[in-house]
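First the structure, in the form of structure tokens, and then the observations on it.
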Amino acid sequence: MTKFAIGIDLGGTYTKLALVDTKGKVSNRTKLSTAAYRTRAGLIAAIVAEVNAVLAKARLSPRKILGVGIGVPGIVDFRRGRVYNLTNVPGWENTPLKGMLEAKLDLPVLVDNDVNLMALGECRFGAGRGAKNLVCITLGTGVGGGIIIDGALYRGSAFSAGEVGHMPLKERGLPCGCGSYGCLERYVGNRYIVDELKGKILRGSPTIIKKLVNNDLSAMTPEIISKAALKGDRLSIDFWNTVGERIGVTLAGIVNLLNPERIIIGGGVADAGEPLFKSIRRTVGERALPVPGKAVKILKAKLGNDAGIIGAAALFFYPETRGRCK
Ligand SMILES: [Zn+2]
């Protein structure tokens with residue numbers, strides 16, 4: 001009998017929700033505008049209504065539904081299902097989300113950090129399939145990470161493991177939003193790198209990017225910068241070499257520390273594709289120790305926007321281990 005779980009990805013802009021089966025197939029997708037709900041209670045009530053609507057529409061016997069998994073952008077006490085706080089969603093400090101949802105839904109609920117769940121989804125159904133030790137990183141406005149060791153999510157002693165974006169890259173670097181200095185995120189976060197390149201173009205560096213965006217530099221994205229690099233644009237090639245080196249140096253540290261089989265990279269900046277990945281792989285090859293450096297494969301995430309939903313549902317597919325990927 002095929003079983004299902006509901007996967008929910010609560011993001012700063014949208015809250016996405018779907019039914020996922022134990023083979024990773026997603027159906028009955030729906031989404032809410034997170035920002036449209038002014039209060040935590042309002043958003044929770046809307047999520048409950050959506051879950052009930054999806055279950056009614058799918059007409060599945062309750063016996064086939066294993067539970068509701070939800071990923072949130074923040075630190076979560078996974079054992080108690082308690083959210084400490086959320087990034088970019090105000091008013092969620094110390095929310096007992098598991099208990100609040102279980103009180104309204106007749107189903108078990110599990111709550112975890114969104115990047116942890118992306119790692120779990122990729123490990124079980126995406127680019128990590130077949131691997132037992134892997135690190136997943138998301139390169140977007142923020143930089144996040146999830147660690148899977150011996151098939152299970154590694155959450156750390158206060159559930160905050162995997163903050164790759166706040167690994168120090170420079171000893172006395174630029175101030176970071178987290179309160180520290182020189183963090184990786186401050187040097188490879190989407191907004192920062194686009195601004196950095198924009199500055200170079202405005203100071204007169206020759207590039208075909210201006211033509212590609214019709215002189216509107218606000219339309220510049222990682223994909224467009226890659227398009228220019230693939231056409232041989234020197235500024236764009238150098239740009240990805242620099243960004244890839246920053247990421248690669250950090251990953252070389254992770255490779256030396258954890259000796260993972262695979263590193264999976266997702267998020268908007270990863271859409272830059274080969275020009276970025278080539279530079280990351282080269283740097284890891286140069287900077288990691290030879291044995292773990294040769295063993296690791298650096299791959300692009302496969303599940304795209306579905307990774308969070310699939311990973312949230314996957315929390316229920318291995319009940320004996322709660323989040324093991326195999
Ligand atoms: Zn930081």
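Residue numbering restarts at 1 in every chain; chains get A, B, ... in the order shown in the structure tokens, and ligands count up from 1 in that same order.
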
* Could you please extract the residues within 7 Å of ligand 1, counting only C-alpha atoms and all ligand atoms, and hand them back as a PyMOL selection string? => chain A and resi 165-166+176-181+183+185

Could you produce a table of the residues of range 222-267 of chain A lying within 12 Å of range 299-303 of chain A, with the nearest pair of atoms per residue and their separation in Å rounded to one decimal, using only C-alpha atoms, ordered by chain and increasing residue number, as CSV?
```
residue,atom,partner,partner_atom,distance
A:Glu261,CA,A:Leu299,CA,10.7
A:Arg262,CA,A:Leu299,CA,7.2
A:Ile263,CA,A:Leu299,CA,6.2
A:Ile264,CA,A:Leu299,CA,4.9
A:Ile265,CA,A:Lys300,CA,4.9
A:Gly266,CA,A:Ala301,CA,4.8
A:Gly267,CA,A:Ala301,CA,8.2
```

Quick one: residues within 12 Å of Ser236 in chain A, only C-alpha atoms counted, chain neighbours fewer than 6 positions away excluded, as a PDB file with N, CA and C atoms, in the first residue's frame?
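Writing done, so here's selection27.pdb:
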```pdb
ATOM      1  N   ILE A 193      27.048  39.579  -4.041  1.00  0.00           N
ATOM      2  CA  ILE A 193      27.888  39.363  -5.234  1.00  0.00           C
ATOM      3  C   ILE A 193      27.376  40.171  -6.420  1.00  0.00           C
ATOM      4  N   VAL A 194      26.055  40.279  -6.539  1.00  0.00           N
ATOM      5  CA  VAL A 194      25.504  41.057  -7.651  1.00  0.00           C
ATOM      6  C   VAL A 194      25.907  42.532  -7.489  1.00  0.00           C
ATOM      7  N   GLU A 196      28.534  43.650  -5.901  1.00  0.00           N
ATOM      8  CA  GLU A 196      29.978  43.736  -6.100  1.00  0.00           C
ATOM      9  C   GLU A 196      30.292  43.861  -7.600  1.00  0.00           C
ATOM     10  N   LEU A 197      29.614  43.051  -8.403  1.00  0.00           N
ATOM     11  CA  LEU A 197      29.867  43.084  -9.849  1.00  0.00           C
ATOM     12  C   LEU A 197      29.315  44.367 -10.464  1.00  0.00           C
ATOM     13  N   LYS A 198      28.146  44.769  -9.970  1.00  0.00           N
ATOM     14  CA  LYS A 198      27.537  46.016 -10.464  1.00  0.00           C
ATOM     15  C   LYS A 198      28.511  47.177 -10.263  1.00  0.00           C
ATOM     16  N   LYS A 200      31.743  47.090 -10.141  1.00  0.00           N
ATOM     17  CA  LYS A 200      32.843  46.997 -11.106  1.00  0.00           C
ATOM     18  C   LYS A 200      32.393  47.514 -12.472  1.00  0.00           C
ATOM     19  N   ILE A 201      31.168  47.162 -12.856  1.00  0.00           N
ATOM     20  CA  ILE A 201      30.671  47.593 -14.170  1.00  0.00           C
ATOM     21  C   ILE A 201      30.494  49.118 -14.177  1.00  0.00           C
ATOM     22  N   SER A 205      34.485  48.675 -15.924  1.00  0.00           N
ATOM     23  CA  SER A 205      35.027  47.419 -16.455  1.00  0.00           C
ATOM     24  C   SER A 205      34.243  47.007 -17.693  1.00  0.00           C
ATOM     25  N   PRO A 206      34.927  46.699 -18.793  1.00  0.00           N
ATOM     26  CA  PRO A 206      34.213  46.316 -20.007  1.00  0.00           C
ATOM     27  C   PRO A 206      33.548  44.948 -19.846  1.00  0.00           C
ATOM     28  N   THR A 207      32.315  44.828 -20.341  1.00  0.00           N
ATOM     29  CA  THR A 207      31.565  43.570 -20.219  1.00  0.00           C
ATOM     30  C   THR A 207      30.385  43.559 -21.187  1.00  0.00           C
ATOM     31  N   ILE A 208      29.985  42.352 -21.606  1.00  0.00           N
ATOM     32  CA  ILE A 208      28.799  42.254 -22.475  1.00  0.00           C
ATOM     33  C   ILE A 208      27.514  42.177 -21.642  1.00  0.00           C
ATOM     34  N   ILE A 209      27.659  42.136 -20.303  1.00  0.00           N
ATOM     35  CA  ILE A 209      26.464  42.028 -19.448  1.00  0.00           C
ATOM     36  C   ILE A 209      25.511  43.199 -19.705  1.00  0.00           C
ATOM     37  N   LYS A 210      26.084  44.405 -19.864  1.00  0.00           N
ATOM     38  CA  LYS A 210      25.246  45.581 -20.082  1.00  0.00           C
ATOM     39  C   LYS A 210      24.293  45.372 -21.265  1.00  0.00           C
ATOM     40  N   MET A 220      20.302  42.158 -13.506  1.00  0.00           N
ATOM     41  CA  MET A 220      21.404  41.200 -13.532  1.00  0.00           C
ATOM     42  C   MET A 220      21.158  40.063 -12.531  1.00  0.00           C
ATOM     43  N   THR A 221      21.260  38.821 -12.985  1.00  0.00           N
ATOM     44  CA  THR A 221      21.081  37.652 -12.110  1.00  0.00           C
ATOM     45  C   THR A 221      22.288  36.726 -12.288  1.00  0.00           C
ATOM     46  N   PRO A 222      22.485  35.763 -11.363  1.00  0.00           N
ATOM     47  CA  PRO A 222      23.573  34.800 -11.545  1.00  0.00           C
ATOM     48  C   PRO A 222      23.513  34.100 -12.913  1.00  0.00           C
ATOM     49  N   GLU A 223      22.291  33.789 -13.369  1.00  0.00           N
ATOM     50  CA  GLU A 223      22.176  33.114 -14.670  1.00  0.00           C
ATOM     51  C   GLU A 223      22.698  33.981 -15.809  1.00  0.00           C
ATOM     52  N   ILE A 224      22.369  35.280 -15.767  1.00  0.00           N
ATOM     53  CA  ILE A 224      22.825  36.180 -16.829  1.00  0.00           C
ATOM     54  C   ILE A 224      24.351  36.327 -16.790  1.00  0.00           C
ATOM     55  N   ILE A 225      24.904  36.414 -15.581  1.00  0.00           N
ATOM     56  CA  ILE A 225      26.363  36.538 -15.464  1.00  0.00           C
ATOM     57  C   ILE A 225      27.038  35.277 -16.024  1.00  0.00           C
ATOM     58  N   SER A 226      26.380  34.114 -15.833  1.00  0.00           N
ATOM     59  CA  SER A 226      26.931  32.878 -16.382  1.00  0.00           C
ATOM     60  C   SER A 226      26.838  32.843 -17.898  1.00  0.00           C
ATOM     61  N   LYS A 227      25.728  33.368 -18.413  1.00  0.00           N
ATOM     62  CA  LYS A 227      25.545  33.423 -19.861  1.00  0.00           C
ATOM     63  C   LYS A 227      26.699  34.224 -20.477  1.00  0.00           C
ATOM     64  N   ALA A 228      27.014  35.350 -19.826  1.00  0.00           N
ATOM     65  CA  ALA A 228      28.113  36.185 -20.319  1.00  0.00           C
ATOM     66  C   ALA A 228      29.446  35.424 -20.216  1.00  0.00           C
ATOM     67  N   ALA A 229      29.640  34.696 -19.099  1.00  0.00           N
ATOM     68  CA  ALA A 229      30.891  33.939 -18.928  1.00  0.00           C
ATOM     69  C   ALA A 229      31.032  32.883 -20.025  1.00  0.00           C
ATOM     70  N   LEU A 230      29.927  32.202 -20.331  1.00  0.00           N
ATOM     71  CA  LEU A 230      29.974  31.156 -21.356  1.00  0.00           C
ATOM     72  C   LEU A 230      30.249  31.735 -22.741  1.00  0.00           C
ATOM     73  N   THR A 242      36.343  34.062  -8.804  1.00  0.00           N
ATOM     74  CA  THR A 242      36.488  34.609  -7.452  1.00  0.00           C
ATOM     75  C   THR A 242      35.435  34.040  -6.508  1.00  0.00           C
ATOM     76  N   VAL A 243      34.162  34.055  -6.938  1.00  0.00           N
ATOM     77  CA  VAL A 243      33.082  33.557  -6.076  1.00  0.00           C
ATOM     78  C   VAL A 243      33.282  32.058  -5.803  1.00  0.00           C
ATOM     79  N   GLY A 244      33.631  31.316  -6.836  1.00  0.00           N
ATOM     80  CA  GLY A 244      33.856  29.869  -6.695  1.00  0.00           C
ATOM     81  C   GLY A 244      35.018  29.572  -5.762  1.00  0.00           C
ATOM     82  N   ALA A 272      23.841  29.491 -11.620  1.00  0.00           N
ATOM     83  CA  ALA A 272      24.962  29.944 -12.448  1.00  0.00           C
ATOM     84  C   ALA A 272      25.581  28.759 -13.192  1.00  0.00           C
ATOM     85  N   PRO A 275      30.090  27.586 -14.999  1.00  0.00           N
ATOM     86  CA  PRO A 275      31.163  28.541 -14.709  1.00  0.00           C
ATOM     87  C   PRO A 275      31.471  28.622 -13.209  1.00  0.00           C
ATOM     88  N   LEU A 276      30.440  28.489 -12.372  1.00  0.00           N
ATOM     89  CA  LEU A 276      30.642  28.526 -10.921  1.00  0.00           C
ATOM     90  C   LEU A 276      31.149  27.173 -10.412  1.00  0.00           C
TER      91      LEU A 276
END
```

* Could you find all residues in range 255-303 of chain A that DSSP calls strand (DSSP E) from the backbone, and write them as a PyMOL selection string? => chain A and resi 262-266+297-300

* Counting only C-alpha atoms, the residue of A:Lys98, A:Arg282, A:Lys3, A:Arg186 that sits nearest Gly140 in chain A -> A:Arg186

* **Shell of 9 Å around Arg29 in chain A, only C-alpha atoms, local chain residues under 2 positions omitted, as a count of residues only** => 8

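Nearest-residue note for Thr15 in chain A: choosing from A:Gly253, A:Gly189, A:Pro260, A:Gly308, the minimum distance belongs to A:Gly308, counting only C-alpha atoms.
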
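Closest approach to Leu86 in chain A from the set A:Ala127, A:Gly285, A:Gly11, A:Leu120 is made by A:Gly11, with distances taken over only C-alpha atoms.
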
If you take only C-alpha atoms and a cut-off of 12 Å, which residues of range 151-262 of chain A touch range 68-74 of chain A, and what are their nearest atom pairs and distances in Å to one decimal, in chain and number order, as JSON lines?
```
{"residue": "A:Phe159", "atom": "CA", "partner": "A:Gly74", "partner_atom": "CA", "distance": 10.1}
{"residue": "A:Ser160", "atom": "CA", "partner": "A:Gly74", "partner_atom": "CA", "distance": 8.8}
{"residue": "A:Ala161", "atom": "CA", "partner": "A:Gly74", "partner_atom": "CA", "distance": 11.5}
{"residue": "A:Gly162", "atom": "CA", "partner": "A:Gly74", "partner_atom": "CA", "distance": 11.7}
{"residue": "A:Glu163", "atom": "CA", "partner": "A:Gly74", "partner_atom": "CA", "distance": 10.6}
```

Restricting it to N, CA, C and O atoms, dump the selection as a short mmCIF file (atom, residue, chain, number, x, y, z; two decimals), in the first residue's frame.
```
data_model
loop_
_atom_site.label_atom_id
_atom_site.label_comp_id
_atom_site.auth_asym_id
_atom_site.auth_seq_id
_atom_site.Cartn_x
_atom_site.Cartn_y
_atom_site.Cartn_z
N PHE A 159 20.68 21.97 18.00
CA PHE A 159 19.92 21.94 16.76
C PHE A 159 20.32 23.01 15.75
O PHE A 159 19.51 23.41 14.93
N SER A 160 21.53 23.51 15.81
CA SER A 160 21.88 24.60 14.90
C SER A 160 23.00 24.22 13.94
O SER A 160 23.58 25.10 13.27
N ALA A 161 23.32 22.93 13.83
CA ALA A 161 24.43 22.52 12.96
C ALA A 161 24.16 22.87 11.50
O ALA A 161 23.01 23.01 11.09
N GLY A 162 25.22 23.01 10.74
CA GLY A 162 25.07 23.20 9.29
C GLY A 162 25.05 24.65 8.83
O GLY A 162 24.75 24.91 7.67
N GLU A 163 25.36 25.59 9.71
CA GLU A 163 25.32 27.01 9.30
C GLU A 163 26.57 27.37 8.48
O GLU A 163 27.43 28.14 8.93
#
```

* Asked: range 90-172 of chain A: which residues are alpha helix (DSSP H) by DSSP, as a VMD selection string?
  -> chain A and resid 97 to 104 114 to 125

Could you save those same residues with C-alpha atoms as a PDB file, in the first residue's frame?
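File produced: out.pdb:
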```pdb
ATOM      1  CA  LEU A  97       4.615  24.633  16.392  1.00  0.00           C
ATOM      2  CA  LYS A  98       4.363  20.841  16.607  1.00  0.00           C
ATOM      3  CA  GLY A  99       1.926  21.044  19.533  1.00  0.00           C
ATOM      4  CA  MET A 100      -0.086  23.875  17.971  1.00  0.00           C
ATOM      5  CA  LEU A 101      -0.573  21.991  14.696  1.00  0.00           C
ATOM      6  CA  GLU A 102      -1.241  18.634  16.322  1.00  0.00           C
ATOM      7  CA  ALA A 103      -3.970  20.245  18.446  1.00  0.00           C
ATOM      8  CA  LYS A 104      -5.805  21.224  15.268  1.00  0.00           C
ATOM      9  CA  ASP A 114      14.234  24.030   6.068  1.00  0.00           C
ATOM     10  CA  VAL A 115      17.793  23.438   4.849  1.00  0.00           C
ATOM     11  CA  ASN A 116      18.041  20.248   6.936  1.00  0.00           C
ATOM     12  CA  LEU A 117      14.941  19.060   5.120  1.00  0.00           C
ATOM     13  CA  MET A 118      16.283  20.066   1.730  1.00  0.00           C
ATOM     14  CA  ALA A 119      19.355  17.920   2.554  1.00  0.00           C
ATOM     15  CA  LEU A 120      17.128  15.017   3.550  1.00  0.00           C
ATOM     16  CA  GLY A 121      15.041  15.352   0.357  1.00  0.00           C
ATOM     17  CA  GLU A 122      18.121  15.502  -1.884  1.00  0.00           C
ATOM     18  CA  CYS A 123      19.711  12.594   0.001  1.00  0.00           C
ATOM     19  CA  ARG A 124      16.732  10.297  -0.389  1.00  0.00           C
ATOM     20  CA  PHE A 125      15.295  11.333  -3.753  1.00  0.00           C
TER      21      PHE A 125
END
```

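You can rank A:Arg59, A:Ala158, A:Gly126, A:Gly81 by their closest distance to Pro108 in chain A using only C-alpha atoms, and at the top of that list sits A:Gly81.
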
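Minimum atom-to-atom distance to Leu105 in chain A, evaluated using only C-alpha atoms, belongs to A:Ala49 out of A:Ile147, A:Ala49, A:Ala219, A:Ala131.
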